[in-house]
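File shown here: protein11.cif, holding mmCIF, C-alpha atoms and all ligand atoms.
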data_model
#
loop_
_atom_site.label_atom_id
_atom_site.label_comp_id
_atom_site.auth_asym_id
_atom_site.auth_seq_id
_atom_site.Cartn_x
_atom_site.Cartn_y
_atom_site.Cartn_z
CA MET A 1 0.00 0.00 0.00
CA LYS A 2 1.20 3.52 -0.76
CA TYR A 3 -0.24 7.00 -0.40
CA LEU A 4 0.00 10.11 -2.54
CA ALA A 5 -0.16 13.46 -0.76
CA PRO A 6 -0.89 16.19 -3.35
CA ALA A 7 -1.64 19.82 -2.42
CA TYR A 8 -5.06 19.39 -4.07
CA VAL A 9 -7.02 16.52 -5.52
CA TYR A 10 -10.12 16.68 -7.71
CA THR A 11 -12.83 14.13 -6.94
CA HIS A 12 -16.55 13.96 -7.77
CA GLU A 13 -17.03 16.21 -4.73
CA GLY A 14 -14.84 18.87 -6.33
CA LEU A 15 -11.51 20.33 -5.30
CA GLN A 16 -10.18 19.00 -2.01
CA LYS A 17 -7.04 19.52 0.05
CA ASN A 18 -5.39 17.73 2.98
CA LYS A 19 -6.17 14.32 1.49
CA LEU A 20 -4.17 11.16 0.99
CA ILE A 21 -4.95 8.86 -1.92
CA ALA A 22 -4.42 5.22 -0.93
CA ILE A 23 -3.24 2.84 -3.67
CA ASP A 24 -2.92 -0.93 -3.31
CA ASP A 25 -0.28 -3.20 -4.85
CA ALA A 26 -2.54 -3.99 -7.81
CA GLY A 27 -2.57 -0.28 -8.74
CA LEU A 28 -6.15 0.39 -7.66
CA ILE A 29 -7.33 3.31 -5.54
CA THR A 30 -8.64 1.95 -2.24
CA GLY A 31 -9.64 5.20 -0.58
CA ILE A 32 -9.25 8.94 -0.14
CA ILE A 33 -8.56 9.72 3.50
CA ASP A 34 -7.80 12.80 5.61
CA SER A 35 -4.09 13.55 5.84
CA SER A 36 -4.48 13.73 9.64
CA GLN A 37 -4.88 9.93 9.74
CA ALA A 38 -1.87 7.95 10.95
CA VAL A 39 0.12 6.57 8.03
CA ALA A 40 3.79 5.53 8.10
CA HIS A 41 5.98 8.28 6.58
CA GLU A 42 7.84 5.96 4.26
CA GLN A 43 4.56 4.96 2.59
CA ILE A 44 3.74 8.55 1.58
CA GLU A 45 4.87 10.22 -1.65
CA LEU A 46 4.57 13.97 -1.28
CA LEU A 47 3.36 15.97 -4.30
CA PRO A 48 3.81 19.50 -2.99
CA GLN A 49 2.25 22.35 -4.99
CA MET A 50 0.57 19.84 -7.25
CA LEU A 51 -3.03 19.26 -8.26
CA LEU A 52 -3.88 15.61 -8.80
CA LEU A 53 -6.44 14.90 -11.55
CA PRO A 54 -7.60 11.63 -13.09
CA GLY A 55 -5.49 10.73 -16.14
CA PHE A 56 -6.87 11.82 -19.51
CA VAL A 57 -8.35 9.22 -21.85
CA ASN A 58 -7.58 9.42 -25.55
CA VAL A 59 -10.56 7.62 -27.07
CA HIS A 60 -9.47 7.68 -30.72
CA SER A 61 -5.94 7.35 -32.12
CA HIS A 62 -4.36 6.04 -35.32
CA VAL A 63 -0.85 5.91 -33.93
CA PHE A 64 1.14 5.61 -37.18
CA GLN A 65 -0.37 8.85 -38.53
CA ARG A 66 1.92 10.68 -36.08
CA GLN A 67 4.53 10.31 -38.84
CA LEU A 68 2.56 12.72 -41.04
CA ARG A 69 2.80 15.59 -38.55
CA GLY A 70 3.82 18.76 -40.38
CA HIS A 71 4.24 16.97 -43.71
CA THR A 72 0.81 17.39 -45.29
CA HIS A 73 0.44 21.17 -45.30
CA ARG A 74 2.35 21.80 -48.53
CA PRO A 75 -0.09 21.63 -51.46
CA LEU A 76 -0.95 18.00 -52.22
CA SER A 77 -3.15 19.12 -55.09
CA ARG A 78 -4.75 22.32 -56.33
CA GLN A 79 -7.48 22.08 -53.72
CA ASP A 80 -6.68 19.95 -50.69
CA THR A 81 -9.35 18.19 -48.67
CA PHE A 82 -9.65 15.20 -46.36
CA TRP A 83 -9.51 13.00 -49.47
CA THR A 84 -6.18 14.36 -50.77
CA TRP A 85 -4.74 14.08 -47.24
CA ARG A 86 -5.93 10.48 -47.21
CA ARG A 87 -3.69 9.66 -50.19
CA ALA A 88 -0.65 10.84 -48.20
CA MET A 89 -1.81 8.79 -45.22
CA TYR A 90 -2.22 5.66 -47.37
CA ALA A 91 1.33 6.10 -48.69
CA GLU A 92 2.57 6.18 -45.09
CA ALA A 93 0.51 3.09 -44.21
CA GLN A 94 2.16 1.15 -47.07
CA ARG A 95 5.61 1.55 -45.50
CA LEU A 96 4.76 -0.02 -42.16
CA THR A 97 6.18 -3.29 -40.90
CA PRO A 98 5.56 -4.72 -37.42
CA GLU A 99 9.02 -3.41 -36.41
CA LEU A 100 8.43 0.12 -37.73
CA LEU A 101 4.95 0.21 -36.22
CA TYR A 102 6.30 -0.84 -32.83
CA GLU A 103 8.93 1.90 -32.92
CA GLU A 104 6.44 4.58 -34.00
CA ALA A 105 3.94 3.48 -31.33
CA ARG A 106 6.59 3.40 -28.62
CA GLN A 107 7.65 6.98 -29.32
CA THR A 108 4.13 8.31 -29.81
CA TYR A 109 2.82 6.62 -26.66
CA SER A 110 5.69 8.16 -24.67
CA GLU A 111 4.60 11.52 -26.05
CA MET A 112 1.00 10.78 -25.02
CA LEU A 113 2.08 10.01 -21.45
CA ALA A 114 4.04 13.26 -21.25
CA ALA A 115 0.93 15.07 -22.49
CA GLY A 116 -1.20 13.55 -19.71
CA TYR A 117 -2.99 10.74 -21.52
CA THR A 118 -3.04 7.55 -19.45
CA SER A 119 -5.20 5.37 -21.75
CA VAL A 120 -5.69 5.23 -25.49
CA GLY A 121 -8.27 3.63 -27.73
CA GLU A 122 -6.13 2.57 -30.67
CA PHE A 123 -8.38 2.39 -33.76
CA HIS A 124 -6.04 0.06 -35.57
CA TYR A 125 -6.51 -0.86 -39.23
CA VAL A 126 -3.13 -1.69 -40.80
CA HIS A 127 -3.36 -5.43 -40.22
CA HIS A 128 -1.77 -7.41 -43.05
CA GLN A 129 1.09 -7.40 -45.55
CA VAL A 130 0.98 -4.83 -48.35
CA ASP A 131 -0.66 -7.26 -50.79
CA GLY A 132 -3.27 -8.20 -48.20
CA ARG A 133 -1.87 -11.59 -47.21
CA PRO A 134 -1.83 -12.14 -43.43
CA TYR A 135 1.48 -12.28 -41.61
CA ASP A 136 2.52 -15.68 -40.20
CA ARG A 137 1.20 -14.34 -36.91
CA PRO A 138 -2.13 -12.89 -38.09
CA ASN A 139 -2.10 -10.29 -35.28
CA ALA A 140 1.56 -9.29 -35.71
CA MET A 141 0.68 -5.61 -36.20
CA SER A 142 -1.77 -5.48 -33.25
CA GLU A 143 0.81 -7.20 -31.07
CA ALA A 144 3.43 -4.56 -32.02
CA ILE A 145 1.06 -1.85 -30.76
CA LEU A 146 0.17 -3.71 -27.57
CA GLN A 147 3.86 -4.32 -26.86
CA ALA A 148 4.55 -0.59 -27.24
CA GLY A 149 1.81 0.05 -24.68
CA LYS A 150 3.39 -2.38 -22.24
CA ASP A 151 6.88 -1.00 -22.74
CA THR A 152 5.87 2.64 -22.24
CA GLY A 153 3.26 2.10 -19.52
CA LEU A 154 0.31 3.54 -21.49
CA ARG A 155 -2.91 1.53 -21.21
CA VAL A 156 -3.95 0.50 -24.72
CA VAL A 157 -7.44 -0.66 -25.63
CA LEU A 158 -7.05 -2.21 -29.07
CA LEU A 159 -10.05 -1.22 -31.16
CA MET A 160 -9.67 -3.78 -33.92
CA THR A 161 -10.86 -2.23 -37.15
CA ALA A 162 -12.88 -4.10 -39.75
CA TYR A 163 -12.45 -2.96 -43.35
CA ALA A 164 -13.95 -4.72 -46.35
CA ARG A 165 -14.30 -2.48 -49.42
CA GLY A 166 -13.26 0.79 -51.03
CA GLY A 167 -16.65 2.44 -50.66
CA PHE A 168 -20.37 1.95 -51.29
CA GLN A 169 -20.39 -0.46 -54.26
CA GLN A 170 -16.72 0.34 -54.77
CA ALA A 171 -13.84 -2.11 -55.11
CA LEU A 172 -10.74 -1.88 -52.97
CA GLU A 173 -7.91 0.44 -53.92
CA ALA A 174 -4.43 -1.06 -53.83
CA GLY A 175 -3.57 1.06 -50.77
CA GLN A 176 -6.46 -0.45 -48.80
CA ARG A 177 -5.58 -4.16 -49.23
CA ARG A 178 -3.65 -4.47 -46.03
CA PHE A 179 -6.57 -3.10 -43.99
CA CYS A 180 -8.90 -5.94 -45.04
CA ASP A 181 -9.77 -9.39 -43.82
CA ALA A 182 -11.17 -11.83 -46.39
CA THR A 183 -14.31 -12.52 -44.34
CA VAL A 184 -15.96 -11.19 -41.21
CA GLU A 185 -15.29 -14.59 -39.57
CA GLN A 186 -11.57 -14.13 -40.15
CA TYR A 187 -11.75 -10.66 -38.66
CA LEU A 188 -13.65 -11.86 -35.57
CA ALA A 189 -11.17 -14.74 -35.12
CA ARG A 190 -8.37 -12.18 -34.81
CA VAL A 191 -10.36 -10.19 -32.22
CA GLU A 192 -11.15 -13.38 -30.32
CA ALA A 193 -7.47 -14.40 -30.28
CA LEU A 194 -6.46 -11.13 -28.60
CA ARG A 195 -9.33 -11.38 -26.15
CA GLN A 196 -8.25 -14.90 -25.21
CA GLN A 197 -4.74 -13.56 -24.56
CA GLY A 198 -6.27 -11.23 -21.97
CA TYR A 199 -5.91 -7.94 -23.87
CA GLN A 200 -8.48 -5.17 -23.57
CA VAL A 201 -10.13 -4.96 -26.96
CA GLY A 202 -13.09 -3.44 -28.74
CA VAL A 203 -14.57 -3.87 -32.20
CA ALA A 204 -14.38 -1.08 -34.75
CA PRO A 205 -16.18 -1.42 -38.08
CA HIS A 206 -14.34 1.40 -39.89
CA SER A 207 -17.34 3.23 -41.38
CA VAL A 208 -20.55 2.58 -43.29
CA ARG A 209 -18.64 3.15 -46.53
CA ALA A 210 -15.90 0.56 -45.82
CA VAL A 211 -18.01 -2.16 -44.15
CA PRO A 212 -21.15 -3.81 -45.59
CA GLY A 213 -24.34 -4.52 -43.67
CA GLU A 214 -23.74 -8.28 -43.16
CA TRP A 215 -20.42 -7.52 -41.50
CA PHE A 216 -22.00 -4.86 -39.27
CA HIS A 217 -24.68 -7.31 -38.07
CA ALA A 218 -22.08 -9.98 -37.21
CA ILE A 219 -19.73 -7.52 -35.48
CA ALA A 220 -22.55 -5.89 -33.48
CA ALA A 221 -23.74 -9.35 -32.34
CA TYR A 222 -20.20 -10.25 -31.21
CA SER A 223 -19.95 -6.95 -29.32
CA ARG A 224 -23.28 -7.66 -27.56
CA GLU A 225 -22.28 -11.22 -26.72
CA HIS A 226 -19.01 -10.17 -25.06
CA SER A 227 -20.00 -6.66 -23.86
CA LEU A 228 -17.26 -5.04 -25.93
CA PRO A 229 -17.09 -1.39 -27.00
CA LEU A 230 -18.04 -0.77 -30.63
CA HIS A 231 -16.46 2.28 -32.25
CA VAL A 232 -17.21 3.57 -35.75
CA HIS A 233 -16.40 6.70 -37.80
CA ALA A 234 -19.52 8.51 -38.98
CA ASP A 235 -20.56 11.86 -40.45
CA GLU A 236 -17.04 13.27 -40.73
CA GLN A 237 -17.32 14.10 -44.42
CA VAL A 238 -20.27 15.45 -46.42
CA ALA A 239 -19.26 13.34 -49.45
CA GLU A 240 -19.66 10.13 -47.45
CA ILE A 241 -23.12 11.18 -46.28
CA GLU A 242 -24.19 11.89 -49.86
CA GLN A 243 -22.89 8.51 -51.04
CA CYS A 244 -24.74 6.82 -48.17
CA ARG A 245 -27.98 8.54 -49.12
CA THR A 246 -27.56 7.47 -52.74
CA ALA A 247 -26.79 3.85 -51.81
CA HIS A 248 -29.23 3.37 -48.91
CA GLY A 249 -31.63 6.32 -48.90
CA CYS A 250 -30.59 7.37 -45.42
CA ARG A 251 -27.74 8.97 -43.49
CA PRO A 252 -24.88 7.06 -41.78
CA ILE A 253 -26.23 7.06 -38.20
CA GLU A 254 -29.69 6.09 -39.48
CA LEU A 255 -28.02 3.20 -41.30
CA LEU A 256 -26.13 2.18 -38.13
CA GLU A 257 -29.48 1.92 -36.37
CA ARG A 258 -30.74 -0.45 -39.11
CA TYR A 259 -27.55 -2.48 -38.66
CA GLU A 260 -28.33 -2.81 -34.89
CA ALA A 261 -24.92 -1.28 -34.20
CA LEU A 262 -26.12 1.34 -31.68
CA SER A 263 -26.15 0.78 -27.92
CA PRO A 264 -24.62 2.37 -24.79
CA ARG A 265 -21.37 0.59 -25.77
CA THR A 266 -21.24 2.42 -29.11
CA THR A 267 -19.00 5.42 -29.75
CA ILE A 268 -19.50 7.48 -32.91
CA VAL A 269 -16.23 9.10 -33.92
CA HIS A 270 -16.69 12.68 -35.23
CA ALA A 271 -20.47 13.11 -35.87
CA THR A 272 -19.39 16.44 -37.36
CA HIS A 273 -22.31 16.72 -39.78
CA ALA A 274 -24.90 14.75 -37.79
CA THR A 275 -28.45 16.07 -38.10
CA GLU A 276 -30.83 16.58 -35.18
CA HIS A 277 -32.62 13.38 -36.18
CA GLU A 278 -29.36 11.41 -36.11
CA LEU A 279 -28.54 12.85 -32.68
CA ASP A 280 -32.05 11.96 -31.45
CA ILE A 281 -31.25 8.37 -32.45
CA LEU A 282 -27.92 8.42 -30.58
CA ALA A 283 -29.59 9.84 -27.47
CA GLN A 284 -32.26 7.15 -27.63
CA TYR A 285 -29.62 4.37 -27.62
CA GLY A 286 -27.37 6.05 -25.03
CA SER A 287 -24.42 6.09 -27.43
CA THR A 288 -21.34 8.30 -27.05
CA VAL A 289 -19.67 10.75 -29.45
CA CYS A 290 -15.91 11.22 -29.70
CA VAL A 291 -14.79 14.56 -31.13
CA CYS A 292 -11.21 15.12 -32.34
CA PRO A 293 -10.99 18.92 -32.65
CA THR A 294 -7.31 19.31 -33.60
CA THR A 295 -7.58 16.70 -36.37
CA GLU A 296 -11.00 17.94 -37.49
CA GLY A 297 -9.44 21.40 -37.71
CA ASP A 298 -6.37 20.14 -39.57
CA LEU A 299 -8.45 18.27 -42.14
CA GLY A 300 -11.08 20.98 -42.52
CA ASP A 301 -13.86 18.57 -41.52
CA GLY A 302 -16.11 21.09 -39.79
CA ILE A 303 -17.30 21.79 -36.25
CA ALA A 304 -19.44 19.29 -34.37
CA PRO A 305 -23.01 20.32 -33.47
CA TYR A 306 -22.04 20.87 -29.84
CA GLU A 307 -25.22 22.66 -28.82
CA ASP A 308 -27.40 19.85 -30.13
CA LEU A 309 -25.15 17.25 -28.47
CA ARG A 310 -25.35 19.11 -25.14
CA ALA A 311 -29.11 19.56 -25.35
CA ARG A 312 -29.52 15.77 -25.67
CA GLU A 313 -26.93 15.03 -22.96
CA ILE A 314 -25.03 12.78 -25.37
CA PRO A 315 -21.75 11.87 -23.63
CA LEU A 316 -18.79 13.58 -25.30
CA THR A 317 -15.23 12.27 -25.31
CA ILE A 318 -12.02 13.36 -27.04
CA GLY A 319 -9.51 11.71 -29.34
CA SER A 320 -6.19 12.79 -30.82
CA ASP A 321 -7.07 10.85 -34.03
CA SER A 322 -4.25 11.65 -36.51
CA ASN A 323 -1.94 12.70 -33.66
CA THR A 324 -1.15 15.96 -35.42
CA ARG A 325 -1.09 17.33 -31.87
CA LEU A 326 -0.98 15.58 -28.50
CA ASP A 327 -2.35 17.66 -25.66
CA PRO A 328 -5.67 16.86 -23.95
CA LEU A 329 -5.95 20.41 -22.59
CA GLU A 330 -5.72 21.80 -26.10
CA GLU A 331 -8.11 19.17 -27.49
CA LEU A 332 -10.75 20.06 -24.88
CA ARG A 333 -10.14 23.78 -25.21
CA TRP A 334 -10.68 23.53 -28.96
CA ALA A 335 -13.95 21.67 -28.42
CA GLU A 336 -15.21 24.63 -26.37
CA TYR A 337 -13.56 27.32 -28.54
CA SER A 338 -14.84 25.96 -31.85
CA ALA A 339 -18.30 25.68 -30.27
CA ARG A 340 -18.06 29.35 -29.22
CA MET A 341 -17.14 30.33 -32.77
CA ARG A 342 -19.93 28.26 -34.26
CA TYR A 343 -22.64 29.64 -31.95
CA GLN A 344 -21.12 33.08 -31.29
CA ARG A 345 -21.46 32.98 -27.53
CA ARG A 346 -19.37 31.80 -24.59
CA ARG A 347 -19.69 28.74 -22.35
CA VAL A 348 -21.39 26.37 -24.79
CA LEU A 349 -20.24 23.12 -23.12
CA VAL A 350 -21.72 23.64 -19.68
CA ALA A 351 -24.08 21.43 -17.71
CA ASP A 352 -26.32 24.37 -16.82
CA GLU A 353 -26.31 28.08 -17.55
CA LEU A 354 -24.74 28.99 -14.22
CA ALA A 355 -21.85 26.50 -14.38
CA ALA A 356 -18.23 27.02 -15.42
CA PRO A 357 -16.94 24.79 -18.22
CA GLY A 358 -13.83 23.41 -16.47
CA PRO A 359 -15.44 20.54 -14.54
CA LEU A 360 -17.41 19.39 -17.58
CA LEU A 361 -14.34 19.50 -19.85
CA LEU A 362 -12.51 17.38 -17.27
CA ASP A 363 -15.41 14.92 -17.24
CA TYR A 364 -15.31 14.59 -21.05
CA GLY A 365 -11.56 14.10 -20.99
CA THR A 366 -11.53 11.47 -18.24
CA ARG A 367 -14.64 9.69 -16.90
CA ARG A 368 -16.61 9.73 -20.15
CA GLY A 369 -13.59 8.56 -22.12
CA ALA A 370 -12.98 5.67 -19.75
CA ALA A 371 -16.63 4.62 -20.09
CA ALA A 372 -16.31 4.66 -23.89
CA LEU A 373 -13.36 2.26 -23.66
CA ALA A 374 -15.01 0.15 -20.92
CA ILE A 375 -12.12 0.61 -18.50
CA GLN A 376 -12.39 1.01 -14.74
CA ALA A 377 -10.70 4.43 -14.64
CA GLY A 378 -11.39 8.11 -15.17
CA GLU A 379 -12.21 9.19 -11.61
CA ILE A 380 -10.25 9.50 -8.40
CA ALA A 381 -12.46 7.19 -6.37
CA PRO A 382 -12.22 3.78 -4.65
CA ASP A 383 -11.91 0.72 -6.95
CA GLN A 384 -10.75 2.83 -9.90
CA ALA A 385 -7.35 2.35 -11.53
CA ALA A 386 -4.76 4.69 -9.97
CA ASP A 387 -4.31 6.74 -13.19
CA PHE A 388 -3.37 10.35 -12.53
CA VAL A 389 -1.80 13.48 -13.85
CA ALA A 390 -0.09 15.83 -11.39
CA ILE A 391 -0.37 19.49 -12.42
CA ASP A 392 2.47 21.80 -11.37
CA LEU A 393 0.67 24.74 -9.74
CA GLU A 394 3.90 26.74 -9.66
CA HIS A 395 4.33 26.59 -13.44
CA ARG A 396 4.29 30.09 -14.94
CA GLN A 397 1.30 29.23 -17.14
CA MET A 398 -0.76 28.70 -13.97
CA ARG A 399 0.26 31.98 -12.28
CA GLY A 400 -2.72 33.74 -10.71
CA TRP A 401 -4.83 30.59 -10.19
CA SER A 402 -7.44 30.48 -7.45
CA GLU A 403 -9.23 27.53 -5.88
CA GLU A 404 -12.52 28.71 -7.36
CA ASP A 405 -11.31 28.90 -10.98
CA LEU A 406 -8.54 26.33 -10.94
CA LEU A 407 -9.86 24.04 -13.69
CA ASP A 408 -10.78 26.96 -15.95
CA THR A 409 -7.26 28.40 -15.54
CA LEU A 410 -5.91 25.01 -16.53
CA PHE A 411 -8.15 24.38 -19.54
CA PHE A 412 -8.09 27.90 -20.97
CA GLY A 413 -4.62 29.05 -20.01
CA ALA A 414 -2.26 26.11 -20.00
CA SER A 415 -0.71 23.48 -22.25
CA SER A 416 0.32 20.03 -21.14
CA GLU A 417 3.73 21.48 -20.23
CA VAL A 418 2.21 22.02 -16.76
CA ILE A 419 2.01 18.25 -16.26
CA ALA A 420 4.78 17.26 -13.87
CA GLN A 421 3.95 13.55 -13.50
CA THR A 422 1.76 10.90 -15.11
CA TRP A 423 0.70 7.75 -13.26
CA VAL A 424 -0.84 4.60 -14.72
CA GLN A 425 -2.14 1.74 -12.58
CA GLY A 426 -0.33 3.04 -9.49
CA ALA A 427 3.07 3.51 -11.16
CA CYS A 428 4.67 6.83 -12.09
CA VAL A 429 5.43 6.40 -15.80
CA TYR A 430 6.41 9.98 -16.68
CA ARG A 431 8.24 12.67 -14.72
CA ARG A 432 8.94 16.04 -16.33
CA ASN A 433 12.68 16.74 -16.47
CA ALA A 434 13.40 13.21 -15.31
ZN ZN B 1 -10.12 8.18 -37.13
#
For the structure just supplied, provide its representation as structure tokens.
Ligand SMILES: [Zn+2]
Amino acid sequence: MKYLAPAYVYTHEGLQKNKLIAIDDAGLITGIIDSSQAVAHEQIELLPQMLLLPGFVNVHSHVFQRQLRGHTHRPLSRQDTFWTWRRAMYAEAQRLTPELLYEEARQTYSEMLAAGYTSVGEFHYVHHQVDGRPYDRPNAMSEAILQAGKDTGLRVVLLMTAYARGGFQQALEAGQRRFCDATVEQYLARVEALRQQGYQVGVAPHSVRAVPGEWFHAIAAYSREHSLPLHVHADEQVAEIEQCRTAHGCRPIELLERYEALSPRTTIVHATHATEHELDILAQYGSTVCVCPTTEGDLGDGIAPYEDLRAREIPLTIGSDSNTRLDPLEELRWAEYSARMRYQRRRVLVADELAAPGPLLLDYGTRRGAAALAIQAGEIAPDQAADFVAIDLEHRQMRGWSEEDLLDTLFFGASSEVIAQTWVQGACVYRRNA
């Protein structure tokens, strides 16, 4: 048993001081007790002038896309869009081997830990050899990612992506072969193998354009049977919505409902162009939305309908997606800032009109994210994983903070440079300047 003694800790009761957080040998929080209680000195780790928060949860990452950072802003064509960017991304995906993927994941996951992310949902789709043939170990690429998680200390939930075709009634492009399994049974066998090995996994049919209805039905049934998270991209691009309407006479989230793919375990990634009717459907099924504001900004996707999401109390989470930037404070700030620009008023993401945004942004970045990945984390409370970030209150970016506005000072005034330590499952896995 050990105890952390931060200057402040944030729990569901709000900001507290003079508390010790008790952690058992399995890395679980067992209690939050008054610092006046008798505890042996050698069991206490002091965190002076630090604020302890739950670790941030990165719900949506494609780790290898970190290699594109900074390299896709030169003109790729006369008019660049998501689709021209995608060609550059496919070229990068062709180069990967299990060894290169491991190395990229190891470095990127270290960067995530330094930024304050303690868990990641890795939406992983580069599965096979370039010509589409499986490796001798069919999960060689997934295993490279999971090994990088183990070696860095970041908790990885492998969201195994299913990919079957180039688009609605569209054959595969050469660059997509290595994303695809021959049949949905083959895909599910690979998920099952990782599950049997004890890894935390979820299923991730890529999108309604890349996965046909029969596959969706089988994957959704498997997710129900084993209570696994189901993540899917939807409504990121107007072109995809138009193609869906032409092929099926409805919009992507309406189609997901027909496929029985919606439930409280479902997370819709982006939902940028979702209509009120689509959001009504999500609210009805208790599904979650993951926004990725820095990537959505980079790719010119658009701004999510935050006001409509809030009005329906649809749980929001964040993802770093293309990893063009890794900073949960910036990701959450851009959710609120882009909402302000869209609706031309302040404090859009608040629980009620008289609340400050800080606590809700923290909730999106931690507890809601953990729920979307089905992990027992995201709050500083008994029986939760001891996943924390320690914020340096003496950092110059935090100068002028007060107890009353502490979270708002953090989310609107600071970058992840203020993170002094990151803890996962009771172990300190990142120390600034260490
Ligand atoms: Zn994505």
For A:Asp25, list every protein, DNA or RNA residue within 9 Å, evaluated using all atoms listed in the file, and leave out those in the same chain fewer than 2 positions away; present the list as a PyMOL selection string.
-> chain A and resi 1-2+23+27-28+426
What residues have any atom no more than 8 Å from ligand ZN 1 (chain B) when counting only C-alpha atoms and all ligand atoms, and can you list them as JSON, numbers by chain?
-> {"A": [60, 61, 62, 123, 233, 269, 321, 322]}
Can you pull out every residue within 6 Å of stretch 131-148 of chain A, counting only C-alpha atoms, but drop anything in the same chain fewer than 4 positions away, and send it as a list in words?
->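 Skipping anything fewer than 4 positions along the chain leaves Pro98, Tyr102, Ala105, Arg106, His127, Arg177 and Arg178 of chain A.
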Closest of A:Glu92, A:Leu361, A:Thr152, A:Gly70 to A:Val348 - atom-to-atom distances counting all atoms listed in the file = A:Leu361
Answer as a PyMOL selection string, residues within 8 Å of (-14.7, 3.1, -46.3) using all atoms listed in the file = chain A and resi 163-168+206-211
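Here atom CA of A:Val350 is placed at a distance of 18.2 Å from atom CA of A:Thr11.
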Which residues come within 8 Å of A:Ile380, counting all atoms listed in the file, excluding same-chain residues fewer than 6 positions away, as JSON, numbers by chain?
-> {"A": [10, 11, 12, 29, 53, 54, 386]}
Could you turn the residues from that selection into a file that holds C-alpha atoms, as a PDB file, in the coordinates of the input?
ATOM      1  CA  TYR A  10     -10.120  16.680  -7.710  1.00  0.00           C
ATOM      2  CA  THR A  11     -12.830  14.130  -6.940  1.00  0.00           C
ATOM      3  CA  HIS A  12     -16.550  13.960  -7.770  1.00  0.00           C
ATOM      4  CA  ILE A  29      -7.330   3.310  -5.540  1.00  0.00           C
ATOM      5  CA  LEU A  53      -6.440  14.900 -11.550  1.00  0.00           C
ATOM      6  CA  PRO A  54      -7.600  11.630 -13.090  1.00  0.00           C
ATOM      7  CA  ALA A 386      -4.760   4.690  -9.970  1.00  0.00           C
TER       8      ALA A 386
END
